[in-house]
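> You'll find structure_12.txt just under this line, and it carries compact mmCIF, C-alpha atoms.
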# COMPACT_ATOMS: atom_id res chain seq x y z
CA MET A 7 10.55 15.30 7.62
CA ALA A 8 7.37 16.98 8.85
CA ALA A 9 5.35 13.84 8.10
CA GLY A 10 7.69 11.79 10.28
CA HIS A 11 8.73 9.41 7.49
CA ILE A 12 12.40 10.41 7.46
CA GLU A 13 15.07 11.39 9.97
CA GLU A 14 18.51 12.91 9.58
CA ILE A 15 21.60 10.77 10.14
CA GLN A 16 25.26 11.72 10.45
CA PHE A 17 26.98 8.56 9.19
CA SER A 18 25.75 5.56 7.27
CA GLU A 19 27.35 2.55 5.60
CA TRP A 20 24.63 2.57 2.93
CA LEU A 21 23.83 5.54 0.70
CA SER A 22 21.42 5.90 -2.19
CA ASN A 23 20.88 8.81 -4.56
CA VAL A 24 17.74 10.90 -4.95
CA VAL A 25 16.00 11.08 -8.33
CA LEU A 26 13.10 13.39 -9.25
CA VAL A 27 10.36 11.70 -11.28
CA PRO A 28 7.56 13.70 -12.98
CA LYS A 29 3.98 12.96 -11.91
CA PRO A 30 0.80 13.71 -13.83
CA GLY A 31 -0.35 17.29 -13.37
CA GLY A 32 3.12 18.79 -13.46
CA LYS A 33 4.08 17.68 -9.95
CA TRP A 34 7.22 15.81 -8.99
CA ARG A 35 7.86 12.76 -6.82
CA ILE A 36 11.12 12.24 -4.99
CA TYR A 37 12.35 8.74 -5.66
CA ILE A 38 15.32 7.11 -3.96
CA ASN A 39 17.38 4.87 -6.22
CA PHE A 40 17.79 1.78 -4.03
CA ARG A 41 19.45 -0.25 -6.82
CA ASP A 42 22.48 -1.31 -4.74
CA LEU A 43 20.42 -2.07 -1.63
CA ASN A 44 17.94 -4.09 -3.70
CA LYS A 45 20.80 -6.14 -5.21
CA ALA A 46 21.96 -7.04 -1.69
CA CYS A 47 18.50 -8.18 -0.52
CA PRO A 48 17.09 -11.64 -1.17
CA LYS A 49 13.84 -11.66 -3.16
CA ASP A 50 10.65 -12.20 -1.13
CA PHE A 51 8.53 -14.52 -3.26
CA TYR A 52 5.30 -13.89 -1.33
CA PRO A 53 2.53 -14.39 -3.90
CA LEU A 54 0.22 -11.66 -5.11
CA SER A 55 -3.42 -12.56 -5.65
CA ARG A 56 -4.54 -13.28 -9.20
CA ILE A 57 -6.26 -10.19 -10.56
CA ASP A 58 -8.68 -12.21 -12.72
CA GLN A 59 -9.90 -14.12 -9.66
CA LEU A 60 -10.34 -10.93 -7.64
CA VAL A 61 -12.34 -9.32 -10.45
CA ASP A 62 -14.46 -12.47 -10.95
CA SER A 63 -15.24 -12.58 -7.21
CA THR A 64 -17.41 -9.46 -7.60
CA SER A 65 -19.95 -11.35 -9.71
CA GLY A 66 -23.37 -11.35 -8.10
CA CYS A 67 -22.57 -8.56 -5.64
CA GLN A 68 -25.19 -5.82 -5.29
CA LEU A 69 -22.89 -3.19 -3.77
CA LEU A 70 -19.17 -2.56 -3.89
CA SER A 71 -16.77 -0.14 -2.27
CA MET A 72 -13.36 0.39 -3.82
CA MET A 73 -10.68 1.79 -1.52
CA ASP A 74 -7.07 2.85 -1.96
CA ALA A 75 -4.54 3.06 0.86
CA SER A 76 -3.00 6.49 1.36
CA GLN A 77 0.79 6.45 0.86
CA ARG A 78 0.63 2.68 1.18
CA TYR A 79 4.21 1.75 2.02
CA HIS A 80 4.73 4.76 4.28
CA GLN A 81 2.17 3.23 6.65
CA ILE A 82 4.55 0.39 7.54
CA MET A 83 7.32 1.25 10.00
CA LEU A 84 10.77 -0.15 9.33
CA ALA A 85 12.56 -2.14 12.01
CA PRO A 86 14.97 0.26 13.78
CA GLU A 87 17.97 -1.94 12.93
CA ASP A 88 17.14 -1.73 9.19
CA ARG A 89 16.48 2.00 8.85
CA LYS A 90 20.09 3.05 8.16
CA LYS A 91 20.26 0.66 5.20
CA GLY A 92 17.84 2.95 3.37
CA SER A 93 19.92 6.09 3.89
CA PHE A 94 20.02 8.62 1.09
CA ILE A 95 21.98 11.77 0.45
CA THR A 96 20.70 15.18 -0.66
CA SER A 97 22.15 18.66 -0.85
CA GLU A 98 20.54 19.27 2.56
CA GLY A 99 22.12 16.29 4.33
CA THR A 100 21.88 12.54 4.79
CA PHE A 101 18.59 10.97 5.86
CA TYR A 102 16.94 7.61 6.34
CA TYR A 103 13.36 6.42 6.24
CA VAL A 104 11.49 5.49 9.41
CA ALA A 105 8.62 4.11 7.33
CA MET A 106 8.95 1.78 4.35
CA PRO A 107 9.78 3.83 1.25
CA PHE A 108 8.80 3.26 -2.36
CA GLY A 109 11.46 1.55 -4.45
CA LEU A 110 12.48 -1.30 -2.17
CA LYS A 111 12.49 -4.64 -3.97
CA ASN A 112 10.27 -6.39 -1.43
CA ALA A 113 7.91 -3.53 -0.55
CA GLY A 114 4.99 -4.93 -2.57
CA ALA A 115 5.35 -8.42 -1.09
CA THR A 116 5.64 -6.97 2.43
CA TYR A 117 2.50 -4.88 2.00
CA GLN A 118 0.56 -7.80 0.48
CA ARG A 119 1.58 -10.05 3.38
CA LEU A 120 0.33 -7.41 5.83
CA VAL A 121 -3.09 -6.92 4.22
CA ASP A 122 -3.54 -10.67 3.71
CA LYS A 123 -2.88 -11.21 7.41
CA ILE A 124 -5.06 -8.45 8.82
CA PHE A 125 -8.00 -9.08 6.44
CA ARG A 126 -7.73 -12.91 6.52
CA PRO A 127 -11.16 -13.42 8.18
CA GLN A 128 -12.81 -11.30 5.47
CA ILE A 129 -10.90 -12.22 2.31
CA GLY A 130 -13.13 -14.09 -0.12
CA ARG A 131 -16.21 -13.40 2.00
CA ASN A 132 -16.66 -9.62 1.82
CA VAL A 133 -13.20 -8.19 1.07
CA GLU A 134 -10.55 -8.61 -1.62
CA VAL A 135 -7.11 -6.97 -1.39
CA TYR A 136 -4.35 -6.45 -3.92
CA VAL A 137 -1.42 -4.59 -2.36
CA ASP A 138 -2.96 -1.16 -1.59
CA ASP A 139 -6.26 -1.69 -3.43
CA MET A 140 -9.15 -2.97 -1.34
CA LEU A 141 -12.64 -3.96 -2.39
CA VAL A 142 -15.55 -4.46 -0.02
CA LYS A 143 -18.23 -6.55 -1.74
CA SER A 144 -21.71 -7.40 -0.56
CA LYS A 145 -24.08 -9.95 -2.08
CA LYS A 146 -27.01 -8.05 -0.53
CA ALA A 147 -27.22 -4.25 -0.43
CA GLU A 148 -28.51 -4.29 3.16
CA GLU A 149 -25.29 -6.01 4.31
CA HIS A 150 -22.94 -3.42 2.83
CA VAL A 151 -22.84 -1.02 5.79
CA LYS A 152 -22.05 -3.93 8.13
CA ASP A 153 -19.32 -5.13 5.76
CA LEU A 154 -17.82 -1.62 5.62
CA GLU A 155 -17.94 -1.33 9.42
CA GLU A 156 -16.04 -4.61 9.75
CA THR A 157 -13.43 -3.39 7.26
CA PHE A 158 -13.07 0.04 8.88
CA SER A 159 -12.64 -1.65 12.26
CA VAL A 160 -9.62 -3.54 10.89
CA LEU A 161 -8.21 -0.39 9.26
CA ARG A 162 -8.54 1.52 12.55
CA LYS A 163 -7.03 -1.32 14.59
CA TYR A 164 -3.90 -1.34 12.41
CA LYS A 165 -3.90 2.45 11.86
CA LEU A 166 -4.10 2.17 8.07
CA LYS A 167 -5.39 5.24 6.28
CA LEU A 168 -7.30 5.57 3.02
CA ASN A 169 -6.97 8.08 0.21
CA PRO A 170 -10.54 9.46 -0.01
CA ALA A 171 -9.94 10.87 -3.49
CA LYS A 172 -9.41 7.32 -4.77
CA CYS A 173 -12.30 5.66 -2.93
CA ALA A 174 -15.85 4.93 -4.10
CA PHE A 175 -18.39 3.68 -1.56
CA GLY A 176 -21.66 1.83 -2.03
CA VAL A 177 -21.59 1.64 -5.82
CA GLN A 178 -22.99 -0.99 -8.17
CA GLY A 179 -19.89 -0.93 -10.33
CA GLY A 180 -16.63 0.83 -11.00
CA ARG A 181 -12.95 0.40 -11.80
CA PHE A 182 -11.00 -2.13 -9.73
CA LEU A 183 -7.42 -3.08 -10.63
CA GLY A 184 -7.89 -1.59 -14.09
CA PHE A 185 -11.08 -3.55 -14.84
CA MET A 186 -14.70 -2.44 -14.85
CA VAL A 187 -16.65 -4.49 -12.32
CA THR A 188 -20.44 -4.54 -12.01
Would you give me this structure, written as C-alpha cells?

Amino acid sequence: MAAGHIEEIQFSEWLSNVVLVPKPGGKWRIYINFRDLNKACPKDFYPLSRIDQLVDSTSGCQLLSMMDASQRYHQIMLAPEDRKKGSFITSEGTFYYVAMPFGLKNAGATYQRLVDKIFRPQIGRNVEVYVDDMLVKSKKAEEHVKDLEETFSVLRKYKLKLNPAKCAFGVQGGRFLGFMVT
C-alpha cells in the first residue's frame, strides 16, 4: 500500500486469491491468481516483436545500452472503472490494484502497445523494445549519448522508470532477450 499500487475496498463483485511464489535468493513474490478474471476477458492479440529480428538489428552497432523497466506493469495505471475487477482478498482485508498488476492475461500486450507507441519515432533507428526490455543502439559511438538522451526524454515524459541493477550503458556487447549481442 505504501507504494500506492493498491487500495483497500469494502465490497467487490470480483475476488481473487493471493498466492506466494518463491523468488531466487530466498525472497517471495505475492501473486494474485486472476484465473477467473482472465477467463472473462477477451484476448488482446497485439503482436510482440520477433526476438530474432530485434537481436539481428544490433549488427554493426558500435555501442549498445540495455535497459529494463522497473516493476514494468505497475507503471501503468488502471482505468478507475476497471480497478475493482482486480480485487483480491487477504487476511488483512480486501484490496484492489490502482496500477496494472502481474498476472492479467493482457498485461504483456498492453505494455508492448504502450512502448511501441511512445518509442515509435525511434524504433528501428536507435531503439528496440520488447515488453519491458529496451535497447538503445548506435551505429557510431559518438552518437550514443544523443541516442540515450532522446530515449531518456521519452522515459521522463511518460514517467517510466528503469531498474538500474538490470541496465548496462555504453557497452559493445551484452545479453539482450537471452541472447549475446555484440
> Can you write out as JSON lines which residues of region 9-43 of chain A fall within 9 Å of region 93-102 of chain A, alongside each residue's closest atom pair and its distance in Å to one decimal, counting all atoms listed in the file and ordering rows by chain and ascending residue number?

{"residue": "A:His11", "atom": "CA", "partner": "A:Tyr102", "partner_atom": "CA", "distance": 8.5}
{"residue": "A:Ile12", "atom": "CA", "partner": "A:Tyr102", "partner_atom": "CA", "distance": 5.5}
{"residue": "A:Glu13", "atom": "CA", "partner": "A:Phe101", "partner_atom": "CA", "distance": 5.4}
{"residue": "A:Glu14", "atom": "CA", "partner": "A:Phe101", "partner_atom": "CA", "distance": 4.2}
{"residue": "A:Ile15", "atom": "CA", "partner": "A:Phe101", "partner_atom": "CA", "distance": 5.2}
{"residue": "A:Gln16", "atom": "CA", "partner": "A:Thr100", "partner_atom": "CA", "distance": 6.6}
{"residue": "A:Phe17", "atom": "CA", "partner": "A:Thr100", "partner_atom": "CA", "distance": 7.8}
{"residue": "A:Ser18", "atom": "CA", "partner": "A:Ser93", "partner_atom": "CA", "distance": 6.8}
{"residue": "A:Glu19", "atom": "CA", "partner": "A:Ser93", "partner_atom": "CA", "distance": 8.4}
{"residue": "A:Trp20", "atom": "CA", "partner": "A:Ser93", "partner_atom": "CA", "distance": 6.0}
{"residue": "A:Leu21", "atom": "CA", "partner": "A:Phe94", "partner_atom": "CA", "distance": 4.9}
{"residue": "A:Ser22", "atom": "CA", "partner": "A:Phe94", "partner_atom": "CA", "distance": 4.5}
{"residue": "A:Asn23", "atom": "CA", "partner": "A:Phe94", "partner_atom": "CA", "distance": 5.7}
{"residue": "A:Val24", "atom": "CA", "partner": "A:Thr96", "partner_atom": "CA", "distance": 6.7}
{"residue": "A:Ile38", "atom": "CA", "partner": "A:Phe94", "partner_atom": "CA", "distance": 7.1}
{"residue": "A:Asn39", "atom": "CA", "partner": "A:Phe94", "partner_atom": "CA", "distance": 8.6}
{"residue": "A:Phe40", "atom": "CA", "partner": "A:Phe94", "partner_atom": "CA", "distance": 8.8}
> For Glu148 (chain A), list every protein, DNA or RNA residue within 12 Å, evaluated using all atoms listed in the file, and leave out those in the same chain fewer than 3 positions away; present the list as a PyMOL selection string.
chain A and resi 67-70+143-145+151-154+176
> What box, with edges along x, y and z, holds each listed atom of region 130-147 of chain A when 8 Å is added on every side, and can you state its centre and edge lengths in Å to one decimal, as JSON?

{"center_x": -14.3, "center_y": -7.6, "center_z": -1.0, "size_x": 41.8, "size_y": 28.9, "size_z": 21.9}
> Have a look at A:Val27, A:Val160, A:Met106, A:Ala171 and name the one nearest to Pro86 (chain A); count all atoms listed in the file.
A:Met106
> I'd like the contact shell of Leu166 (chain A) - 9 Å cut-off, all atoms listed in the file, skipping same-chain residues fewer than 6 positions apart - returned as an MDAnalysis selection string.
chainID A and resid 75:76 78 81:82 160
> Between CA of Phe108 (chain A) and CA of Lys45 (chain A), what distance in Å does the model show, to one decimal?
15.5 Å
> Applying 12 Å and all atoms listed in the file, which residues near Arg181 (chain A) remain after dropping the ones on its own chain fewer than 3 positions away? List them as a ChimeraX atom specification.
/A:61,64,70-74,139-141,172-174,177-178,184-188
> Please report the interatomic distance between CA of Gly114 (chain A) and CA of Lys29 (chain A) in Å with one decimal.
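Here the two named atoms are 20.2 Å from each other.
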> Rounded to one decimal, what separation in Å do you get between CA of Asp62 (chain A) and CA of Leu183 (chain A)?
11.7 Å
> Nearest residue to Tyr79 (chain A) out of A:Gly92, A:Pro107, A:Gly32, A:Pro53, using all atoms listed in the file?
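Among the listed residues, the smallest separation from Tyr79 (chain A) belongs to A:Pro107.
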> Looking at A:Arg89, A:Val104, A:Gly66, A:Lys33, which one is nearest to Gly10 (chain A), with distances taken over all atoms listed in the file?
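Of all the options, A:Val104 lies closest to Gly10 (chain A).
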> Using only C-alpha atoms, can you tell me which of A:Asp138, A:Val25, A:Ala147, A:Phe125 comes closest to His80 (chain A)?
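Among the listed residues, A:Asp138 lies closest to His80 (chain A).
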> Write out as a count of residues only each polymer residue whose atoms come within 9 Å of Asn44 (chain A), counting only C-alpha atoms; drop sequence neighbours fewer than 4 positions from it.
7
> From the options A:Leu161, A:Leu168, A:Leu60, A:Val135, which residue's atoms come nearest to Arg119 (chain A), counting only C-alpha atoms?
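So, comparing all the options, the nearest one is A:Val135.
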> Could you complete region 28-47 of chain A so that it carries N, CA and C atoms, and give it back as a PDB file, keeping the file's coordinate frame?

ATOM      1  N   PRO A  28       8.773  12.911 -12.743  1.00  0.00           N
ATOM      2  CA  PRO A  28       7.560  13.700 -12.980  1.00  0.00           C
ATOM      3  C   PRO A  28       6.295  12.884 -12.722  1.00  0.00           C
ATOM      4  N   LYS A  29       5.288  13.554 -12.153  1.00  0.00           N
ATOM      5  CA  LYS A  29       3.980  12.960 -11.910  1.00  0.00           C
ATOM      6  C   LYS A  29       2.974  13.651 -12.820  1.00  0.00           C
ATOM      7  N   PRO A  30       1.841  13.033 -13.057  1.00  0.00           N
ATOM      8  CA  PRO A  30       0.800  13.710 -13.830  1.00  0.00           C
ATOM      9  C   PRO A  30       0.400  15.022 -13.148  1.00  0.00           C
ATOM     10  N   GLY A  31       0.060  16.009 -13.937  1.00  0.00           N
ATOM     11  CA  GLY A  31      -0.350  17.290 -13.370  1.00  0.00           C
ATOM     12  C   GLY A  31       0.800  18.237 -13.123  1.00  0.00           C
ATOM     13  N   GLY A  32       1.982  17.900 -13.606  1.00  0.00           N
ATOM     14  CA  GLY A  32       3.120  18.790 -13.460  1.00  0.00           C
ATOM     15  C   GLY A  32       3.824  18.739 -12.120  1.00  0.00           C
ATOM     16  N   LYS A  33       3.423  17.813 -11.253  1.00  0.00           N
ATOM     17  CA  LYS A  33       4.080  17.680  -9.950  1.00  0.00           C
ATOM     18  C   LYS A  33       5.250  16.710 -10.074  1.00  0.00           C
ATOM     19  N   TRP A  34       6.050  16.674  -9.018  1.00  0.00           N
ATOM     20  CA  TRP A  34       7.220  15.810  -8.990  1.00  0.00           C
ATOM     21  C   TRP A  34       7.177  14.889  -7.781  1.00  0.00           C
ATOM     22  N   ARG A  35       7.726  13.697  -7.936  1.00  0.00           N
ATOM     23  CA  ARG A  35       7.860  12.760  -6.820  1.00  0.00           C
ATOM     24  C   ARG A  35       9.348  12.531  -6.607  1.00  0.00           C
ATOM     25  N   ILE A  36       9.741  12.571  -5.342  1.00  0.00           N
ATOM     26  CA  ILE A  36      11.120  12.240  -4.990  1.00  0.00           C
ATOM     27  C   ILE A  36      11.218  10.724  -4.896  1.00  0.00           C
ATOM     28  N   TYR A  37      12.144  10.180  -5.622  1.00  0.00           N
ATOM     29  CA  TYR A  37      12.350   8.740  -5.660  1.00  0.00           C
ATOM     30  C   TYR A  37      13.794   8.471  -5.240  1.00  0.00           C
ATOM     31  N   ILE A  38      13.974   7.492  -4.386  1.00  0.00           N
ATOM     32  CA  ILE A  38      15.320   7.110  -3.960  1.00  0.00           C
ATOM     33  C   ILE A  38      15.732   5.895  -4.789  1.00  0.00           C
ATOM     34  N   ASN A  39      16.890   5.965  -5.397  1.00  0.00           N
ATOM     35  CA  ASN A  39      17.380   4.870  -6.220  1.00  0.00           C
ATOM     36  C   ASN A  39      18.058   3.832  -5.313  1.00  0.00           C
ATOM     37  N   PHE A  40      17.295   2.819  -4.928  1.00  0.00           N
ATOM     38  CA  PHE A  40      17.790   1.780  -4.030  1.00  0.00           C
ATOM     39  C   PHE A  40      18.401   0.595  -4.793  1.00  0.00           C
ATOM     40  N   ARG A  41      18.925   0.834  -5.978  1.00  0.00           N
ATOM     41  CA  ARG A  41      19.450  -0.250  -6.820  1.00  0.00           C
ATOM     42  C   ARG A  41      20.465  -1.115  -6.074  1.00  0.00           C
ATOM     43  N   ASP A  42      21.448  -0.522  -5.433  1.00  0.00           N
ATOM     44  CA  ASP A  42      22.480  -1.310  -4.740  1.00  0.00           C
ATOM     45  C   ASP A  42      21.912  -2.066  -3.541  1.00  0.00           C
ATOM     46  N   LEU A  43      21.058  -1.412  -2.774  1.00  0.00           N
ATOM     47  CA  LEU A  43      20.420  -2.070  -1.630  1.00  0.00           C
ATOM     48  C   LEU A  43      19.564  -3.240  -2.113  1.00  0.00           C
ATOM     49  N   ASN A  44      18.793  -3.024  -3.176  1.00  0.00           N
ATOM     50  CA  ASN A  44      17.940  -4.090  -3.700  1.00  0.00           C
ATOM     51  C   ASN A  44      18.759  -5.286  -4.188  1.00  0.00           C
ATOM     52  N   LYS A  45      19.931  -5.035  -4.766  1.00  0.00           N
ATOM     53  CA  LYS A  45      20.800  -6.140  -5.210  1.00  0.00           C
ATOM     54  C   LYS A  45      21.259  -6.978  -4.022  1.00  0.00           C
ATOM     55  N   ALA A  46      21.452  -6.349  -2.876  1.00  0.00           N
ATOM     56  CA  ALA A  46      21.960  -7.040  -1.690  1.00  0.00           C
ATOM     57  C   ALA A  46      20.875  -7.800  -0.926  1.00  0.00           C
ATOM     58  N   CYS A  47      19.615  -7.554  -1.252  1.00  0.00           N
ATOM     59  CA  CYS A  47      18.500  -8.180  -0.520  1.00  0.00           C
ATOM     60  C   CYS A  47      17.982  -9.407  -1.252  1.00  0.00           C
TER      61      CYS A  47
END
